[in-house]
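S.K.: A single structure is presented below for examination.
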Amino acid sequence: MAVEKMKALSVSGRINELDSTTEALGKTKFFAPDNALSFYSNSKGFMPVNGSDPYAKPLASLTDSLKLLGFEKELRGLKYPKTAVLPIQDWQKYVERFTASAQNFMERKTKCEDEIRRCGEELARVGHFSWLDINLDDLKKCQFVKTRFGALPVESYTELPQDKADTYVASFPDQPEKLYYWGMYCAPVGQIQKIDQIFSHLGFEPVSLDSCSGTIRSVLKADVSAKQKAAEELVRIANEAKAFWQKERRNFLDVYVWLSEKHTYFSMRKYAYRYGDSFILVGWIPAGQEPSMKKTLDRLKTVSYTLEDAAKPDILSHSPPTTLKNRKLWRPFEYLVSIYGIPSYDELDPTAIVAFTYVLLFGLMFADFGQGLVVVLLGWLLCRKKKYGLGRVMIPCGIASTVIGALFGSCFGFENAFDWLYKGIMRLPSKPISVMDQTNSVIIFAVSLGVAMVILAMLINIFASLKRRHYASGLFGPNGIAGLTFYVSVLVGFGGQLAFGWHIVTPAYVLCLIVAPLIIIMFREVLGGLAEGKPDWKPEHWGDMILQSAFELFEVVLSYLTNTISFVRVGAFMLVHAGMMLVVLSLAGMTGGVGYVLIVVIGNAFVIALEGLLCSVQSLRLEFYEMFSRFYEGSGHPFRPVVAGERA
């Protein structure tokens, strides 16, 4: 349970060796650059290192070209070798040639797709009139008659004028297509406008066939043929593109990797600054990599460097990045910690604490032997099949549910599933814990657990704050020694009197162990400033400070109560979980045979999904609001070294 130690690396040298320096630093894969100017109080004369990236555009062209060919998945999970090798001499011409070839394939493909789309639309449009045996070219030659093609709603068909011999000729099939009759009508040129108005009122939707030539059947036949040819050409283009990619794959990936590496190292220049003919570059490395970094930089001609411990006060003020270093058992819970925030460099890493408390809380609220095993299995499948980090959290949570569920004697909701063990083999009068029969004990246990968790959070805060020399928080704060004294004194004094009849709450007890700590908490900023030797420990206005602190003190006292009572939800969810399974088994008992089995299985699946989600969220809420808020800030930022293929 620790934050890995870091070193601040400052590198300077001649500007003509900047590229070789960034490349050397990047190849180590453990250098994270930072803003160089923030490390110098006097930055006069420093200027950004200008220059456009010559690798960005070619790299984007290759990526886009590969997408055009449809093989962009080849870049997923691409492994970068220790040293990238350029397989050809003129990489710019290679990029141009590959891009041009991909563009050519795309243009041909687009042309075929457009042709298929055109033919499909025309087939759909003209196909409605396939029953008409007419020549469209003959209709276009008519000088005294106009023809209209289109669709007429079924309900309007019966409204067509019956006597139409003198005005127009309409031709529609006997059976409609869905909600329309598709057909045509003809009328003399002098009457066409009038006839168009009649059909318009009937809801006629015209369809243009002006682009078609020949008979209807010939048009349909030509479209089918053209569509088939375009589809065949599309297949040929796809095969050619595939063959082209298979031929170029090795060279392409080698060039791509080389360009990506160069692009990554070049992007580090934005962190560098120049003064005269020299440059300065600053960043962070893990302390354990110092010997390796020295060997790397010693090979460069004009470069000099310094390495300083990140824990030094003047270096610590620059916010070193954080990388967590936990045992394998705790490591999955770094994910939960990161949701709240990464610990700052000099802050306590709470991962191990979260691993213990989160698993305990989840196990108590989701206590069932059989359902716990299901959670373990689901977690294992998520880890093994899907590679989800959340699965590694589910496994220990499921194990806790299994163990505590066995103590509760519950397996898939059957509360007497372990009577054979406790009553039969172990000769006990009953199972160790019966949740539904001991509701008062469950609530008392939950509150007691809350007290223990709050005290644990305070102790952690005292240790972490004193280690960081934050005396205002560690000694005088609501989560420091003063707050712990007040909290424990109230619990022991008043709680002991209620539970055990102790009479220890005397005026002296109240004054020394309750009132005095509250006064210390109220003036914690002043006392902390004095203890830390701050020159500005005095407030500008004592009256305003006292008034503000009085209101804050009320909130602090209230938080002790709310944080403790909040843990009642642990007991509540223990009862809810058992109650939900009792409902499931009651419903199953109303049926028999297959119905009983189905209700039990479906009910368990529903409870596992719903209760599993609720218990996960509530456990996380208790971690964040009732514990983290007392000792953890999470204001750090992760250590992200430059790695080939990623931007710095």
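In the structure tokens, the first chain shown is A, the next is B, and so on; residue numbers restart at 1 for each chain, and ligands run from 1 in the order shown.
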Tell me which protein, DNA and RNA residues are within 12 Å of A:Asp174, counting only C-alpha atoms, leaving out same-chain ones fewer than 2 positions away, and put them as a PyMOL selection string.
M.R.: chain A and resi 131+154+157-158+171-172+176-177+180-183
S.K.: Pick from A:Glu96, A:Glu347, A:Asp223, A:Glu290: nearest to A:Asp309, with only C-alpha atoms counted?
M.R.: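 Checking each of A:Glu96, A:Glu347, A:Asp223, A:Glu290 against A:Asp309, counting only C-alpha atoms, the winner is A:Glu290.
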S.K.: Let me make sure I understand: among A:Cys397, A:Leu209, A:Val442, A:Ile192, which one has the smallest atom-to-atom distance to A:Gly150 if we use only C-alpha atoms?
M.R.: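 Checking each of A:Cys397, A:Leu209, A:Val442, A:Ile192 against A:Gly150, counting only C-alpha atoms, the winner is A:Leu209.
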S.K.: Nearest to A:Lys270: which of A:Val282, A:Ile481, A:Ile599, A:Leu307 is it, counting only C-alpha atoms?
M.R.: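 Among the listed residues, A:Val282 lies closest to A:Lys270.
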S.K.: Nearest to A:Leu297 among A:Val375, A:Val11, A:Ala60, A:Leu598, with distances taken over only C-alpha atoms: which residue is it?
M.R.: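 For A:Leu297, the nearest of the given residues is A:Val11.
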S.K.: I need the residues of stretch 144-360 of chain A that end up classed as strand (DSSP E) by DSSP on the backbone, written out as a PyMOL selection string.
M.R.: chain A and resi 145-153+169-171+180-188+205-207+273-275+278-286+304-309+324-325
S.K.: Residues of stretch 564-642 of chain A that approach stretch 328-346 of chain A to 12 Å or less, counting only C-alpha atoms: could you list each one with the shortest pair of atoms and its distance in Å to one decimal, rows by chain and increasing residue number, as JSON lines?
M.R.:
{"residue": "A:Ser616", "atom": "CA", "partner": "A:Leu336", "partner_atom": "CA", "distance": 10.9}
{"residue": "A:Val617", "atom": "CA", "partner": "A:Leu336", "partner_atom": "CA", "distance": 11.1}
{"residue": "A:Ser619", "atom": "CA", "partner": "A:Leu336", "partner_atom": "CA", "distance": 10.9}
{"residue": "A:Leu620", "atom": "CA", "partner": "A:Leu336", "partner_atom": "CA", "distance": 8.0}
{"residue": "A:Arg621", "atom": "CA", "partner": "A:Tyr340", "partner_atom": "CA", "distance": 10.5}
{"residue": "A:Glu623", "atom": "CA", "partner": "A:Val337", "partner_atom": "CA", "distance": 9.6}
{"residue": "A:Phe624", "atom": "CA", "partner": "A:Tyr340", "partner_atom": "CA", "distance": 7.2}
{"residue": "A:Tyr625", "atom": "CA", "partner": "A:Tyr340", "partner_atom": "CA", "distance": 10.2}
{"residue": "A:Met627", "atom": "CA", "partner": "A:Tyr340", "partner_atom": "CA", "distance": 11.8}
{"residue": "A:Phe628", "atom": "CA", "partner": "A:Tyr340", "partner_atom": "CA", "distance": 8.7}
{"residue": "A:Ser629", "atom": "CA", "partner": "A:Tyr340", "partner_atom": "CA", "distance": 10.2}
{"residue": "A:Phe631", "atom": "CA", "partner": "A:Pro343", "partner_atom": "CA", "distance": 11.1}
{"residue": "A:Tyr632", "atom": "CA", "partner": "A:Pro343", "partner_atom": "CA", "distance": 7.8}
{"residue": "A:Glu633", "atom": "CA", "partner": "A:Pro343", "partner_atom": "CA", "distance": 7.0}
{"residue": "A:Gly634", "atom": "CA", "partner": "A:Gly341", "partner_atom": "CA", "distance": 4.2}
{"residue": "A:Ser635", "atom": "CA", "partner": "A:Ser344", "partner_atom": "CA", "distance": 5.5}
{"residue": "A:Gly636", "atom": "CA", "partner": "A:Ser344", "partner_atom": "CA", "distance": 3.7}
{"residue": "A:His637", "atom": "CA", "partner": "A:Ile342", "partner_atom": "CA", "distance": 5.9}
{"residue": "A:Pro638", "atom": "CA", "partner": "A:Ile342", "partner_atom": "CA", "distance": 6.7}
{"residue": "A:Phe639", "atom": "CA", "partner": "A:Ile342", "partner_atom": "CA", "distance": 10.1}
S.K.: Save the residues we just selected, N, CA and C atoms, as a tab-separated table (two decimals), in the first residue's frame?
M.R.:
chain	number	residue	atom	x	y	z
A	616	SER	N	-23.50	-2.98	-4.16
A	616	SER	CA	-22.26	-2.41	-4.69
A	616	SER	C	-22.25	-0.90	-4.56
A	617	VAL	N	-23.37	-0.28	-4.96
A	617	VAL	CA	-23.47	1.18	-4.92
A	617	VAL	C	-23.46	1.68	-3.47
A	619	SER	N	-22.24	0.20	-0.78
A	619	SER	CA	-20.91	0.01	-0.19
A	619	SER	C	-19.96	1.11	-0.63
A	620	LEU	N	-20.05	1.46	-1.92
A	620	LEU	CA	-19.20	2.52	-2.44
A	620	LEU	C	-19.58	3.86	-1.83
A	621	ARG	N	-20.86	4.08	-1.62
A	621	ARG	CA	-21.30	5.33	-1.00
A	621	ARG	C	-20.75	5.46	0.41
A	623	GLU	N	-18.09	4.10	1.56
A	623	GLU	CA	-16.64	4.33	1.45
A	623	GLU	C	-16.35	5.81	1.18
A	624	PHE	N	-17.04	6.37	0.20
A	624	PHE	CA	-16.74	7.73	-0.25
A	624	PHE	C	-17.20	8.79	0.74
A	625	TYR	N	-18.45	8.70	1.19
A	625	TYR	CA	-19.03	9.79	1.99
A	625	TYR	C	-18.75	9.66	3.48
A	627	MET	N	-16.26	7.60	4.91
A	627	MET	CA	-14.88	7.33	5.28
A	627	MET	C	-13.89	8.24	4.53
A	628	PHE	N	-13.95	8.23	3.20
A	628	PHE	CA	-12.99	9.02	2.43
A	628	PHE	C	-13.04	10.50	2.79
A	629	SER	N	-14.24	10.99	3.06
A	629	SER	CA	-14.38	12.42	3.35
A	629	SER	C	-13.63	12.81	4.61
A	631	PHE	N	-10.49	11.44	5.56
A	631	PHE	CA	-9.02	11.35	5.54
A	631	PHE	C	-8.41	11.45	4.13
A	632	TYR	N	-9.24	11.51	3.10
A	632	TYR	CA	-8.69	11.38	1.75
A	632	TYR	C	-9.13	12.54	0.87
A	633	GLU	N	-8.18	13.08	0.10
A	633	GLU	CA	-8.47	14.18	-0.82
A	633	GLU	C	-8.57	13.70	-2.27
A	634	GLY	N	-7.64	12.85	-2.68
A	634	GLY	CA	-7.67	12.32	-4.05
A	634	GLY	C	-7.46	13.38	-5.11
A	635	SER	N	-6.55	14.32	-4.85
A	635	SER	CA	-6.33	15.44	-5.77
A	635	SER	C	-5.11	15.24	-6.67
A	636	GLY	N	-4.59	14.01	-6.74
A	636	GLY	CA	-3.41	13.78	-7.56
A	636	GLY	C	-3.75	13.54	-9.02
A	637	HIS	N	-2.71	13.38	-9.82
A	637	HIS	CA	-2.89	13.04	-11.23
A	637	HIS	C	-1.99	11.87	-11.58
A	638	PRO	N	-2.45	10.98	-12.46
A	638	PRO	CA	-1.71	9.75	-12.72
A	638	PRO	C	-0.41	9.98	-13.48
A	639	PHE	N	0.53	9.09	-13.25
A	639	PHE	CA	1.81	9.09	-13.96
A	639	PHE	C	1.59	8.45	-15.33
S.K.: For A:Ile602, which of A:Leu498, A:Ile455, A:Leu324, A:Leu585 is the closest residue, counting only C-alpha atoms?
M.R.: A:Leu585
S.K.: I want to know what sits within 9 Å of A:Asp368, based on only C-alpha atoms, with residues of the same chain fewer than 5 positions away left out; could you give that as a list in words?
M.R.: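 Returned residues: Gly363, Leu373, Ser401, Thr402, Val403, Ile404, Gly405, Ala406, Phe408, Gly409, Ser410, Cys411, Phe412, Gly413, His577 and Ala578 of chain A.
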S.K.: Atoms to include: all heavy atoms. Write the selected residues as a JSON list (two decimals), in the first residue's frame.
M.R.:
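In the end it all went to part20.json:
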[["chain", "number", "residue", "atom", "x", "y", "z"],
["A", 363, "GLY", "N", -20.16, -8.03, 1.58],
["A", 363, "GLY", "CA", -20.46, -9.37, 2.07],
["A", 363, "GLY", "C", -21.57, -9.38, 3.10],
["A", 363, "GLY", "O", -22.41, -10.29, 3.12],
["A", 373, "LEU", "N", -21.46, -17.50, -4.48],
["A", 373, "LEU", "CA", -20.72, -18.31, -5.44],
["A", 373, "LEU", "C", -21.03, -17.88, -6.87],
["A", 373, "LEU", "O", -20.14, -17.90, -7.74],
["A", 373, "LEU", "CB", -21.06, -19.79, -5.25],
["A", 373, "LEU", "CG", -20.55, -20.45, -3.97],
["A", 373, "LEU", "CD1", -21.03, -21.90, -3.89],
["A", 373, "LEU", "CD2", -19.01, -20.40, -3.89],
["A", 401, "SER", "N", -19.41, -12.73, 0.51],
["A", 401, "SER", "CA", -20.83, -13.07, 0.58],
["A", 401, "SER", "C", -21.03, -14.55, 0.89],
["A", 401, "SER", "O", -21.92, -14.92, 1.65],
["A", 401, "SER", "CB", -21.51, -12.73, -0.75],
["A", 401, "SER", "OG", -21.39, -11.36, -1.04],
["A", 402, "THR", "N", -20.18, -15.38, 0.31],
["A", 402, "THR", "CA", -20.27, -16.83, 0.53],
["A", 402, "THR", "C", -19.98, -17.19, 1.98],
["A", 402, "THR", "O", -20.72, -17.95, 2.61],
["A", 402, "THR", "CB", -19.30, -17.57, -0.40],
["A", 402, "THR", "OG1", -19.61, -17.24, -1.76],
["A", 402, "THR", "CG2", -19.38, -19.06, -0.22],
["A", 403, "VAL", "N", -18.91, -16.64, 2.53],
["A", 403, "VAL", "CA", -18.51, -16.95, 3.90],
["A", 403, "VAL", "C", -19.56, -16.44, 4.90],
["A", 403, "VAL", "O", -20.01, -17.18, 5.79],
["A", 403, "VAL", "CB", -17.13, -16.34, 4.21],
["A", 403, "VAL", "CG1", -16.78, -16.52, 5.69],
["A", 403, "VAL", "CG2", -16.06, -16.98, 3.35],
["A", 404, "ILE", "N", -19.95, -15.17, 4.75],
["A", 404, "ILE", "CA", -20.92, -14.60, 5.69],
["A", 404, "ILE", "C", -22.29, -15.26, 5.49],
["A", 404, "ILE", "O", -23.03, -15.47, 6.46],
["A", 404, "ILE", "CB", -21.01, -13.07, 5.51],
["A", 404, "ILE", "CG1", -19.64, -12.44, 5.81],
["A", 404, "ILE", "CG2", -22.07, -12.46, 6.42],
["A", 404, "ILE", "CD1", -19.55, -10.96, 5.53],
["A", 405, "GLY", "N", -22.63, -15.58, 4.25],
["A", 405, "GLY", "CA", -23.88, -16.29, 3.99],
["A", 405, "GLY", "C", -23.92, -17.64, 4.68],
["A", 405, "GLY", "O", -24.98, -18.08, 5.16],
["A", 406, "ALA", "N", -22.77, -18.33, 4.75],
["A", 406, "ALA", "CA", -22.71, -19.61, 5.46],
["A", 406, "ALA", "C", -22.95, -19.42, 6.95],
["A", 406, "ALA", "O", -23.63, -20.22, 7.60],
["A", 406, "ALA", "CB", -21.36, -20.27, 5.22],
["A", 408, "PHE", "N", -24.79, -17.07, 8.20],
["A", 408, "PHE", "CA", -26.21, -16.77, 8.31],
["A", 408, "PHE", "C", -27.08, -17.99, 8.00],
["A", 408, "PHE", "O", -28.29, -17.94, 8.17],
["A", 408, "PHE", "CB", -26.60, -15.64, 7.35],
["A", 408, "PHE", "CG", -26.09, -14.28, 7.77],
["A", 408, "PHE", "CD1", -25.25, -14.13, 8.86],
["A", 408, "PHE", "CD2", -26.45, -13.15, 7.06],
["A", 408, "PHE", "CE1", -24.78, -12.88, 9.24],
["A", 408, "PHE", "CE2", -26.00, -11.89, 7.43],
["A", 408, "PHE", "CZ", -25.16, -11.76, 8.53],
["A", 409, "GLY", "N", -26.45, -19.06, 7.50],
["A", 409, "GLY", "CA", -27.18, -20.28, 7.17],
["A", 409, "GLY", "C", -28.05, -20.16, 5.95],
["A", 409, "GLY", "O", -29.03, -20.90, 5.79],
["A", 410, "SER", "N", -27.71, -19.23, 5.02],
["A", 410, "SER", "CA", -28.55, -18.97, 3.86],
["A", 410, "SER", "C", -27.88, -19.44, 2.58],
["A", 410, "SER", "O", -26.69, -19.18, 2.37],
["A", 410, "SER", "CB", -28.84, -17.46, 3.77],
["A", 410, "SER", "OG", -29.59, -17.16, 2.61],
["A", 411, "CYS", "N", -28.64, -20.13, 1.74],
["A", 411, "CYS", "CA", -28.13, -20.58, 0.44],
["A", 411, "CYS", "C", -29.26, -20.46, -0.58],
["A", 411, "CYS", "O", -30.27, -21.17, -0.48],
["A", 411, "CYS", "CB", -27.64, -22.02, 0.53],
["A", 411, "CYS", "SG", -26.93, -22.64, -1.02],
["A", 412, "PHE", "N", -29.12, -19.51, -1.50],
["A", 412, "PHE", "CA", -30.15, -19.22, -2.50],
["A", 412, "PHE", "C", -31.49, -18.91, -1.84],
["A", 412, "PHE", "O", -32.55, -19.28, -2.35],
["A", 412, "PHE", "CB", -30.29, -20.35, -3.51],
["A", 412, "PHE", "CG", -29.10, -20.51, -4.42],
["A", 412, "PHE", "CD1", -28.32, -21.65, -4.38],
["A", 412, "PHE", "CD2", -28.76, -19.49, -5.30],
["A", 412, "PHE", "CE1", -27.22, -21.79, -5.21],
["A", 412, "PHE", "CE2", -27.66, -19.63, -6.14],
["A", 412, "PHE", "CZ", -26.88, -20.77, -6.09],
["A", 413, "GLY", "N", -31.44, -18.25, -0.68],
["A", 413, "GLY", "CA", -32.65, -17.84, 0.02],
["A", 413, "GLY", "C", -33.19, -18.84, 1.01],
["A", 413, "GLY", "O", -34.07, -18.51, 1.82],
["A", 577, "HIS", "N", -32.35, -8.08, 2.01],
["A", 577, "HIS", "CA", -31.91, -9.23, 1.21],
["A", 577, "HIS", "C", -32.63, -10.50, 1.65],
["A", 577, "HIS", "O", -33.16, -11.26, 0.82],
["A", 577, "HIS", "CB", -30.40, -9.40, 1.34],
["A", 577, "HIS", "CG", -29.84, -10.45, 0.43],
["A", 577, "HIS", "ND1", -29.64, -10.25, -0.91],
["A", 577, "HIS", "CD2", -29.44, -11.73, 0.68],
["A", 577, "HIS", "CE1", -29.15, -11.35, -1.47],
["A", 577, "HIS", "NE2", -29.03, -12.26, -0.52],
["A", 578, "ALA", "N", -32.66, -10.71, 2.97],
["A", 578, "ALA", "CA", -33.36, -11.90, 3.48],
["A", 578, "ALA", "C", -34.85, -11.81, 3.20],
["A", 578, "ALA", "O", -35.51, -12.81, 2.86],
["A", 578, "ALA", "CB", -33.09, -12.04, 4.98]]
S.K.: Quick one: of A:Tyr55, A:Trp284, A:Phe266, A:Phe279, who's nearest to A:Val303, counting only C-alpha atoms?
M.R.: A:Phe279
S.K.: Per residue of stretch 6-118 of chain A within 7 Å of stretch 274-277 of chain A, what are the shortest atom pair and its distance in Å to one decimal, counting only C-alpha atoms, with rows by chain and residue number, as CSV?
M.R.:
residue,atom,partner,partner_atom,distance
A:Arg14,CA,A:Asp277,CA,5.9
A:Ile15,CA,A:Asp277,CA,5.6
A:Gly45,CA,A:Tyr275,CA,5.8
A:Phe46,CA,A:Tyr275,CA,4.9
A:Met47,CA,A:Arg274,CA,5.3
A:Pro48,CA,A:Arg274,CA,6.2
A:Val49,CA,A:Arg274,CA,6.0
S.K.: Can you spit out the residues from that selection as a PDB file, in the first residue's frame, using all heavy atoms?
M.R.:
ATOM      1  N   ARG A  14      22.225  21.272 -26.249  1.00  0.00           N
ATOM      2  CA  ARG A  14      22.160  22.059 -27.472  1.00  0.00           C
ATOM      3  C   ARG A  14      20.865  21.761 -28.222  1.00  0.00           C
ATOM      4  O   ARG A  14      20.408  20.617 -28.256  1.00  0.00           O
ATOM      5  CB  ARG A  14      23.364  21.735 -28.373  1.00  0.00           C
ATOM      6  CG  ARG A  14      24.696  22.202 -27.813  1.00  0.00           C
ATOM      7  CD  ARG A  14      24.771  23.716 -27.786  1.00  0.00           C
ATOM      8  NE  ARG A  14      26.071  24.200 -27.310  1.00  0.00           N
ATOM      9  CZ  ARG A  14      26.373  25.468 -27.133  1.00  0.00           C
ATOM     10  NH1 ARG A  14      25.450  26.391 -27.385  1.00  0.00           N
ATOM     11  NH2 ARG A  14      27.551  25.836 -26.693  1.00  0.00           N
ATOM     12  N   ILE A  15      20.309  22.792 -28.843  1.00  0.00           N
ATOM     13  CA  ILE A  15      19.021  22.653 -29.505  1.00  0.00           C
ATOM     14  C   ILE A  15      19.060  21.640 -30.635  1.00  0.00           C
ATOM     15  O   ILE A  15      18.060  20.978 -30.937  1.00  0.00           O
ATOM     16  CB  ILE A  15      18.540  24.033 -30.026  1.00  0.00           C
ATOM     17  CG1 ILE A  15      17.050  23.982 -30.393  1.00  0.00           C
ATOM     18  CG2 ILE A  15      19.369  24.486 -31.212  1.00  0.00           C
ATOM     19  CD1 ILE A  15      16.137  23.824 -29.220  1.00  0.00           C
ATOM     20  N   GLY A  45      13.660  35.053 -21.136  1.00  0.00           N
ATOM     21  CA  GLY A  45      14.519  34.566 -22.221  1.00  0.00           C
ATOM     22  C   GLY A  45      14.145  33.187 -22.712  1.00  0.00           C
ATOM     23  O   GLY A  45      14.649  32.730 -23.737  1.00  0.00           O
ATOM     24  N   PHE A  46      13.251  32.487 -21.988  1.00  0.00           N
ATOM     25  CA  PHE A  46      12.803  31.162 -22.428  1.00  0.00           C
ATOM     26  C   PHE A  46      11.730  31.319 -23.503  1.00  0.00           C
ATOM     27  O   PHE A  46      10.828  32.146 -23.377  1.00  0.00           O
ATOM     28  CB  PHE A  46      12.230  30.373 -21.252  1.00  0.00           C
ATOM     29  CG  PHE A  46      13.271  29.812 -20.325  1.00  0.00           C
ATOM     30  CD1 PHE A  46      13.941  30.627 -19.433  1.00  0.00           C
ATOM     31  CD2 PHE A  46      13.586  28.467 -20.360  1.00  0.00           C
ATOM     32  CE1 PHE A  46      14.894  30.121 -18.584  1.00  0.00           C
ATOM     33  CE2 PHE A  46      14.543  27.940 -19.514  1.00  0.00           C
ATOM     34  CZ  PHE A  46      15.210  28.768 -18.623  1.00  0.00           C
ATOM     35  N   MET A  47      11.822  30.526 -24.537  1.00  0.00           N
ATOM     36  CA  MET A  47      10.850  30.571 -25.627  1.00  0.00           C
ATOM     37  C   MET A  47      10.415  29.149 -25.983  1.00  0.00           C
ATOM     38  O   MET A  47      11.209  28.201 -25.867  1.00  0.00           O
ATOM     39  CB  MET A  47      11.457  31.229 -26.874  1.00  0.00           C
ATOM     40  CG  MET A  47      11.848  32.692 -26.677  1.00  0.00           C
ATOM     41  SD  MET A  47      12.580  33.373 -28.187  1.00  0.00           S
ATOM     42  CE  MET A  47      11.197  33.214 -29.309  1.00  0.00           C
ATOM     43  N   PRO A  48       9.150  28.969 -26.390  1.00  0.00           N
ATOM     44  CA  PRO A  48       8.710  27.634 -26.811  1.00  0.00           C
ATOM     45  C   PRO A  48       9.498  27.160 -28.026  1.00  0.00           C
ATOM     46  O   PRO A  48       9.927  27.962 -28.859  1.00  0.00           O
ATOM     47  CB  PRO A  48       7.233  27.835 -27.167  1.00  0.00           C
ATOM     48  CG  PRO A  48       6.844  29.120 -26.529  1.00  0.00           C
ATOM     49  CD  PRO A  48       8.076  29.964 -26.469  1.00  0.00           C
ATOM     50  N   VAL A  49       9.684  25.876 -28.103  1.00  0.00           N
ATOM     51  CA  VAL A  49      10.363  25.282 -29.257  1.00  0.00           C
ATOM     52  C   VAL A  49       9.336  25.141 -30.379  1.00  0.00           C
ATOM     53  O   VAL A  49       8.395  24.363 -30.283  1.00  0.00           O
ATOM     54  CB  VAL A  49      10.959  23.908 -28.910  1.00  0.00           C
ATOM     55  CG1 VAL A  49      11.594  23.282 -30.149  1.00  0.00           C
ATOM     56  CG2 VAL A  49      11.985  24.046 -27.805  1.00  0.00           C
TER      57      VAL A  49
END
